[in-house]
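Data file: upload_2.cif. Format and content: mmCIF, C-alpha atoms.
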data_work
loop_
_atom_site.label_atom_id
_atom_site.label_comp_id
_atom_site.auth_asym_id
_atom_site.auth_seq_id
_atom_site.Cartn_x
_atom_site.Cartn_y
_atom_site.Cartn_z
CA MET A 1 -21.19 70.41 44.72
CA GLN A 2 -23.80 70.99 47.39
CA ASN A 3 -22.69 69.70 50.79
CA GLU A 4 -25.92 70.15 52.73
CA PHE A 5 -27.96 67.12 53.60
CA LYS A 6 -31.69 67.22 54.24
CA ILE A 7 -33.70 65.13 56.67
CA GLU A 8 -37.11 63.95 55.57
CA ARG A 9 -39.74 61.41 56.55
CA LEU A 10 -39.51 58.16 54.64
CA ASP A 11 -42.30 55.76 53.71
CA ASN A 12 -42.61 52.42 51.93
CA GLN A 13 -41.41 53.79 48.60
CA PHE A 14 -37.96 54.08 50.22
CA CYS A 15 -37.74 50.48 51.55
CA GLU A 16 -35.25 49.40 48.88
CA ALA A 17 -32.94 52.37 49.55
CA ILE A 18 -33.21 51.85 53.32
CA ILE A 19 -32.31 48.16 52.99
CA GLY A 20 -29.44 49.09 50.66
CA LEU A 21 -28.04 51.41 53.32
CA ILE A 22 -28.62 49.33 56.47
CA LEU A 23 -27.80 45.73 55.54
CA PRO A 24 -24.24 46.38 54.29
CA ILE A 25 -23.46 48.37 57.44
CA GLN A 26 -24.78 45.59 59.66
CA GLN A 27 -23.43 42.59 57.79
CA ILE A 28 -20.26 43.75 56.04
CA GLU A 29 -18.93 46.67 58.04
CA PHE A 30 -19.78 45.43 61.55
CA ASN A 31 -20.19 41.69 60.92
CA VAL A 32 -23.49 41.56 62.81
CA ASP A 33 -25.23 38.23 62.30
CA ILE A 34 -28.58 39.55 61.08
CA ASP A 35 -30.38 39.38 57.77
CA LEU A 36 -33.44 40.91 56.18
CA ALA A 37 -35.69 38.06 57.38
CA ALA A 38 -34.95 39.11 60.98
CA GLN A 39 -35.96 42.70 60.17
CA PRO A 40 -39.43 42.60 58.58
CA ASP A 41 -39.90 46.24 59.59
CA LEU A 42 -37.59 47.23 56.72
CA LEU A 43 -40.12 45.85 54.24
CA ASP A 44 -43.06 47.83 55.62
CA ILE A 45 -42.01 51.13 57.19
CA GLU A 46 -45.55 52.48 57.36
CA LYS A 47 -46.90 49.47 59.30
CA HIS A 48 -44.02 49.16 61.79
CA TYR A 49 -43.30 52.84 62.44
CA ASP A 50 -45.96 55.26 61.18
CA ALA A 51 -48.90 53.13 62.36
CA THR A 52 -47.56 53.21 65.94
CA GLY A 53 -47.50 57.01 65.92
CA GLY A 54 -43.78 56.93 65.24
CA ALA A 55 -41.86 57.74 62.07
CA PHE A 56 -38.88 56.84 59.92
CA TRP A 57 -36.48 59.57 58.77
CA GLY A 58 -33.68 59.63 56.29
CA ALA A 59 -30.79 62.02 55.70
CA LYS A 60 -30.23 62.68 52.02
CA LEU A 61 -27.35 64.37 50.29
CA ASN A 62 -27.77 65.16 46.60
CA GLY A 63 -30.62 62.63 46.44
CA GLU A 64 -28.58 59.82 48.05
CA LEU A 65 -29.78 58.25 51.31
CA ILE A 66 -26.84 58.59 53.70
CA GLY A 67 -28.44 57.98 57.10
CA THR A 68 -31.56 56.74 58.87
CA ILE A 69 -33.30 56.79 62.22
CA ALA A 70 -36.71 55.48 63.22
CA LEU A 71 -39.11 55.63 66.14
CA ILE A 72 -41.61 53.05 67.29
CA ALA A 73 -44.02 55.03 69.44
CA VAL A 74 -45.77 53.60 72.49
CA PRO A 75 -48.19 56.47 73.19
CA GLU A 76 -50.05 54.66 75.97
CA HIS A 77 -46.79 54.71 77.93
CA GLN A 78 -45.67 58.12 76.62
CA SER A 79 -42.50 56.54 75.31
CA GLY A 80 -40.83 55.17 72.24
CA ALA A 81 -38.04 52.99 70.92
CA ILE A 82 -35.30 54.30 68.66
CA ARG A 83 -34.46 51.94 65.84
CA LYS A 84 -32.42 51.82 62.65
CA MET A 85 -29.88 54.56 63.46
CA PHE A 86 -27.33 54.14 60.67
CA VAL A 87 -25.06 56.54 58.80
CA LYS A 88 -22.87 55.59 55.83
CA LYS A 89 -19.24 55.42 56.91
CA GLU A 90 -18.04 58.27 54.71
CA PHE A 91 -20.66 60.62 56.21
CA ARG A 92 -20.04 59.89 59.91
CA GLY A 93 -18.49 62.26 62.40
CA LYS A 94 -19.02 65.71 63.83
CA ASP A 95 -18.00 67.61 60.69
CA LEU A 96 -21.18 66.88 58.76
CA GLY A 97 -23.27 66.08 61.86
CA VAL A 98 -25.66 63.65 60.18
CA ALA A 99 -26.21 61.41 63.21
CA GLN A 100 -26.70 64.41 65.49
CA ALA A 101 -29.26 65.96 63.13
CA LEU A 102 -31.15 62.67 62.81
CA LEU A 103 -31.28 62.24 66.59
CA LYS A 104 -32.34 65.87 67.08
CA THR A 105 -35.18 65.38 64.58
CA LEU A 106 -36.41 62.25 66.36
CA LEU A 107 -36.21 63.80 69.85
CA ALA A 108 -38.08 66.93 68.71
CA TYR A 109 -40.79 64.67 67.29
CA CYS A 110 -41.00 62.86 70.66
CA VAL A 111 -41.39 66.12 72.58
CA ASN A 112 -44.03 67.41 70.14
CA ASN A 113 -45.96 64.14 70.50
CA ASN A 114 -45.78 63.85 74.31
CA LEU A 115 -43.38 60.93 74.32
CA ASN A 116 -41.39 61.55 77.49
CA LYS A 117 -38.96 58.64 77.44
CA VAL A 118 -37.06 56.85 74.70
CA TYR A 119 -35.22 53.55 74.76
CA LEU A 120 -32.82 51.90 72.36
CA GLY A 121 -30.77 48.77 71.98
CA THR A 122 -27.41 48.37 70.29
CA LYS A 123 -24.36 46.11 70.37
CA ASP A 124 -21.36 46.57 72.63
CA ILE A 125 -19.00 46.23 69.63
CA LEU A 126 -20.46 49.50 68.27
CA GLN A 127 -18.37 51.61 70.62
CA ALA A 128 -18.70 54.84 68.63
CA ALA A 129 -22.49 54.48 68.73
CA CYS A 130 -22.45 53.88 72.49
CA ARG A 131 -20.28 56.98 73.02
CA PHE A 132 -22.60 59.00 70.77
CA TYR A 133 -25.67 58.06 72.80
CA GLU A 134 -23.88 58.73 76.11
CA ARG A 135 -22.72 62.17 74.88
CA ASN A 136 -26.37 62.89 74.13
CA GLY A 137 -27.51 62.14 77.68
CA PHE A 138 -28.60 58.53 77.31
CA LYS A 139 -28.09 56.34 80.37
CA GLN A 140 -27.29 52.65 80.14
CA VAL A 141 -30.10 50.37 81.34
CA ASP A 142 -29.91 46.70 82.32
CA MET A 143 -31.97 44.50 80.03
CA LYS A 144 -34.03 43.32 83.01
CA ASP A 145 -35.02 46.95 83.72
CA LEU A 146 -36.42 47.60 80.24
CA PRO A 147 -40.20 47.99 80.04
CA VAL A 148 -42.03 44.86 78.87
CA TYR A 149 -43.31 46.71 75.81
CA PHE A 150 -39.80 47.55 74.55
CA PRO A 151 -39.29 45.72 71.21
CA ARG A 152 -36.02 43.83 71.67
CA MET A 153 -33.83 42.71 68.79
CA ALA A 154 -31.99 39.43 69.40
CA VAL A 155 -28.61 40.90 68.40
CA ASP A 156 -28.75 43.81 70.88
CA ASN A 157 -26.83 43.49 74.14
CA VAL A 158 -26.54 47.10 75.37
CA PHE A 159 -29.57 49.23 76.17
CA TYR A 160 -30.08 52.92 76.84
CA SER A 161 -32.85 55.27 77.90
CA LEU A 162 -33.33 59.03 77.83
CA ASP A 163 -35.84 60.96 79.90
CA LEU A 164 -37.24 63.91 77.93
CA LYS A 165 -39.26 65.48 80.77
#
Could you express the structure from this file as structure tokens?
Amino acid sequence: MQNEFKIERLDNQFCEAIIGLILPIQQIEFNVDIDLAAQPDLLDIEKHYDATGGAFWGAKLNGELIGTIALIAVPEHQSGAIRKMFVKKEFRGKDLGVAQALLKTLLAYCVNNNLNKVYLGTKDILQAACRFYERNGFKQVDMKDLPVYFPRMAVDNVFYSLDLK
């Protein structure tokens, strides 16, 4: 069996697979009170990500979607917002490095597209995610210090930024 995953850009033809990965992680694994209606971006990847100058990537292993990450670009402010960073439980951790590869892909895209700062929101109960971002140089930001253009999700209560300059 091949054990190498591949990261590729995803578009609207992958919406069903993306929803099938993300919703169970949010609702079942982490008991986050959010449904598909609160995440219309998952139904139109191209409109909510690609059209901003951002992108949506997926990690695939043997054809199965095992992880995602997305970027909403805000080119006029040379920045972006990281969204939809999820990896299936059985593929998490440093051994396979799926999350790290997804983040590296997104950050390289930012640098290549002159996006000098990225922001993200998460939940404090997602301690492993918070540690992951901090290990990767992200600094915690108070909600009041986020730029007005940052797209907030109601469930997020911890925010981070990373300067890429």
Set out as a tab-separated table a contact list for region 53-107 of chain A and region 21-24 of chain A with a cut-off of 9 Å, giving each residue of region 53-107 of chain A that qualifies its closest atom pair and distance in Å to one decimal, counting all atoms listed in the file, ordered by chain and rising residue number.
residue	atom	partner	partner_atom	distance
A:Leu65	CA	A:Leu21	CA	7.3
A:Ile66	CA	A:Leu21	CA	7.3
A:Gly67	CA	A:Leu21	CA	7.6
A:Thr68	CA	A:Ile22	CA	8.3
A:Lys84	CA	A:Ile22	CA	7.7
A:Met85	CA	A:Ile22	CA	8.8
A:Phe86	CA	A:Ile22	CA	6.5
A:Val87	CA	A:Leu21	CA	8.1
A:Lys88	CA	A:Leu21	CA	7.1
Residues from last step as file, C-alpha atoms, as a compact mmCIF listing (two decimals), keeping the file's coordinate frame:
# COMPACT_ATOMS: atom_id res chain seq x y z
CA LEU A 65 -29.78 58.25 51.31
CA ILE A 66 -26.84 58.59 53.70
CA GLY A 67 -28.44 57.98 57.10
CA THR A 68 -31.56 56.74 58.87
CA LYS A 84 -32.42 51.82 62.65
CA MET A 85 -29.88 54.56 63.46
CA PHE A 86 -27.33 54.14 60.67
CA VAL A 87 -25.06 56.54 58.80
CA LYS A 88 -22.87 55.59 55.83
Starting from the shown file, work through the PyMOL selection byres ((chain A and resi 125-132) around 12) and note down what comes out as JSON, numbers by chain.
{"A": [25, 26, 29, 30, 31, 32, 84, 85, 86, 87, 89, 92, 93, 94, 97, 98, 99, 100, 103, 120, 121, 122, 123, 124, 133, 134, 135, 136, 137, 138, 139, 140, 155, 156, 157, 158, 159, 160, 161]}
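Here the PyMOL selection byres ((chain A and resi 151) around 10) catches exactly these residues: Ile72, Gly80, Ala81, Ile82, Arg83, Tyr119, Leu120, Gly121, Leu146, Pro147, Val148, Tyr149, Phe150, Arg152, Met153 and Ala154 of chain A.
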For CA of Gln78 (chain A) and CA of Cys110 (chain A), the interatomic separation in Å (one decimal)
8.9 Å
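Between Ala17 (chain A) and the candidates A:Lys60, A:Thr105, A:Gly53, A:Val111, the tightest atom-to-atom separation, counting all atoms listed in the file, involves A:Lys60.
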Could you tell me how far CA of Leu106 (chain A) lies from CA of His77 (chain A), in Å and to one decimal?
17.3 Å
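Matched in the shown structure by the PyMOL selection byres ((chain A and resi 50) around 12): Arg9, Leu10, Asp11, Asn12, Asp41, Asp44, Ile45, Glu46, Lys47, His48, Tyr49, Ala51, Thr52, Gly53, Gly54, Ala55, Phe56, Trp57, Ala70, Leu71, Ile72, Ala73 and Val74 of chain A.
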The distance between CA of Gln39 (chain A) and CA of Gly20 (chain A) is 13.2 Å
Could you pull region 142-156 of chain A out of the block above and save it with all heavy atoms, as a compact mmCIF listing (two decimals), in the first residue's frame?
# COMPACT_ATOMS: atom_id res chain seq x y z
N ASP A 142 -5.70 39.32 20.26
CA ASP A 142 -7.01 39.60 20.85
C ASP A 142 -8.01 39.87 19.72
O ASP A 142 -7.66 40.51 18.73
CB ASP A 142 -6.96 40.82 21.76
CG ASP A 142 -6.30 40.52 23.10
OD1 ASP A 142 -6.24 39.35 23.49
OD2 ASP A 142 -5.84 41.49 23.74
N MET A 143 -9.23 39.44 19.93
CA MET A 143 -10.25 39.64 18.91
C MET A 143 -10.39 41.12 18.54
O MET A 143 -10.55 41.46 17.37
CB MET A 143 -11.60 39.07 19.38
CG MET A 143 -12.65 39.11 18.28
SD MET A 143 -14.12 38.15 18.62
CE MET A 143 -14.85 39.06 19.93
N LYS A 144 -10.27 41.99 19.50
CA LYS A 144 -10.41 43.43 19.24
C LYS A 144 -9.28 43.97 18.36
O LYS A 144 -9.42 45.03 17.74
CB LYS A 144 -10.49 44.22 20.55
CG LYS A 144 -9.23 44.17 21.38
CD LYS A 144 -9.37 45.03 22.63
CE LYS A 144 -8.20 44.93 23.56
NZ LYS A 144 -6.88 44.99 22.98
N ASP A 145 -8.17 43.23 18.27
CA ASP A 145 -7.03 43.68 17.46
C ASP A 145 -7.02 43.08 16.05
O ASP A 145 -6.10 43.35 15.27
CB ASP A 145 -5.72 43.34 18.17
CG ASP A 145 -5.57 44.10 19.48
OD1 ASP A 145 -6.08 45.24 19.56
OD2 ASP A 145 -4.97 43.55 20.42
N LEU A 146 -8.03 42.27 15.73
CA LEU A 146 -8.11 41.72 14.38
C LEU A 146 -8.51 42.82 13.40
O LEU A 146 -9.25 43.74 13.76
CB LEU A 146 -9.18 40.61 14.32
CG LEU A 146 -8.82 39.31 15.02
CD1 LEU A 146 -10.06 38.43 15.14
CD2 LEU A 146 -7.72 38.57 14.27
N PRO A 147 -8.03 42.75 12.17
CA PRO A 147 -8.46 43.76 11.19
C PRO A 147 -9.96 43.63 10.91
O PRO A 147 -10.52 42.54 11.00
CB PRO A 147 -7.63 43.42 9.94
CG PRO A 147 -7.07 42.07 10.16
CD PRO A 147 -7.08 41.77 11.62
N VAL A 148 -10.59 44.73 10.56
CA VAL A 148 -12.03 44.73 10.34
C VAL A 148 -12.44 43.81 9.20
O VAL A 148 -13.55 43.30 9.18
CB VAL A 148 -12.58 46.16 10.09
CG1 VAL A 148 -12.43 47.00 11.33
CG2 VAL A 148 -11.89 46.80 8.90
N TYR A 149 -11.54 43.58 8.27
CA TYR A 149 -11.86 42.73 7.12
C TYR A 149 -11.72 41.24 7.41
O TYR A 149 -12.07 40.41 6.58
CB TYR A 149 -10.98 43.10 5.91
CG TYR A 149 -9.50 43.00 6.17
CD1 TYR A 149 -8.84 41.78 6.08
CD2 TYR A 149 -8.76 44.13 6.50
CE1 TYR A 149 -7.48 41.68 6.34
CE2 TYR A 149 -7.41 44.04 6.75
CZ TYR A 149 -6.77 42.82 6.66
OH TYR A 149 -5.42 42.72 6.91
N PHE A 150 -11.22 40.87 8.59
CA PHE A 150 -11.06 39.45 8.91
C PHE A 150 -12.44 38.80 9.04
O PHE A 150 -13.27 39.24 9.83
CB PHE A 150 -10.27 39.27 10.21
CG PHE A 150 -10.14 37.83 10.63
CD1 PHE A 150 -9.26 36.98 10.00
CD2 PHE A 150 -10.93 37.31 11.66
CE1 PHE A 150 -9.15 35.65 10.37
CE2 PHE A 150 -10.82 35.99 12.04
CZ PHE A 150 -9.93 35.15 11.39
N PRO A 151 -12.69 37.71 8.28
CA PRO A 151 -14.01 37.06 8.32
C PRO A 151 -14.13 36.17 9.56
O PRO A 151 -13.56 35.08 9.62
CB PRO A 151 -14.03 36.23 7.04
CG PRO A 151 -12.59 35.95 6.74
CD PRO A 151 -11.81 37.12 7.28
N ARG A 152 -14.85 36.64 10.56
CA ARG A 152 -14.99 35.90 11.81
C ARG A 152 -16.07 34.83 11.71
O ARG A 152 -17.11 35.05 11.11
CB ARG A 152 -15.33 36.85 12.95
CG ARG A 152 -14.22 37.80 13.31
CD ARG A 152 -14.72 38.82 14.34
NE ARG A 152 -13.67 39.75 14.72
CZ ARG A 152 -13.36 40.84 14.02
NH1 ARG A 152 -13.99 41.13 12.91
NH2 ARG A 152 -12.41 41.64 14.43
N MET A 153 -15.81 33.69 12.35
CA MET A 153 -16.83 32.66 12.50
C MET A 153 -17.32 32.75 13.94
O MET A 153 -16.52 32.89 14.87
CB MET A 153 -16.25 31.27 12.22
CG MET A 153 -15.76 31.12 10.82
SD MET A 153 -16.24 29.67 9.89
CE MET A 153 -17.52 28.87 10.72
N ALA A 154 -18.61 32.63 14.13
CA ALA A 154 -19.22 32.81 15.46
C ALA A 154 -18.64 31.85 16.50
O ALA A 154 -18.54 32.19 17.67
CB ALA A 154 -20.73 32.65 15.37
N VAL A 155 -18.24 30.65 16.09
CA VAL A 155 -17.77 29.65 17.06
C VAL A 155 -16.32 29.88 17.50
O VAL A 155 -15.88 29.33 18.51
CB VAL A 155 -17.91 28.21 16.51
CG1 VAL A 155 -19.37 27.86 16.30
CG2 VAL A 155 -17.09 28.01 15.25
N ASP A 156 -15.56 30.70 16.77
CA ASP A 156 -14.16 30.92 17.10
C ASP A 156 -14.00 31.83 18.32
O ASP A 156 -14.72 32.82 18.45
CB ASP A 156 -13.40 31.53 15.91
CG ASP A 156 -13.24 30.57 14.75
OD1 ASP A 156 -13.38 29.35 14.96
OD2 ASP A 156 -12.98 31.03 13.63
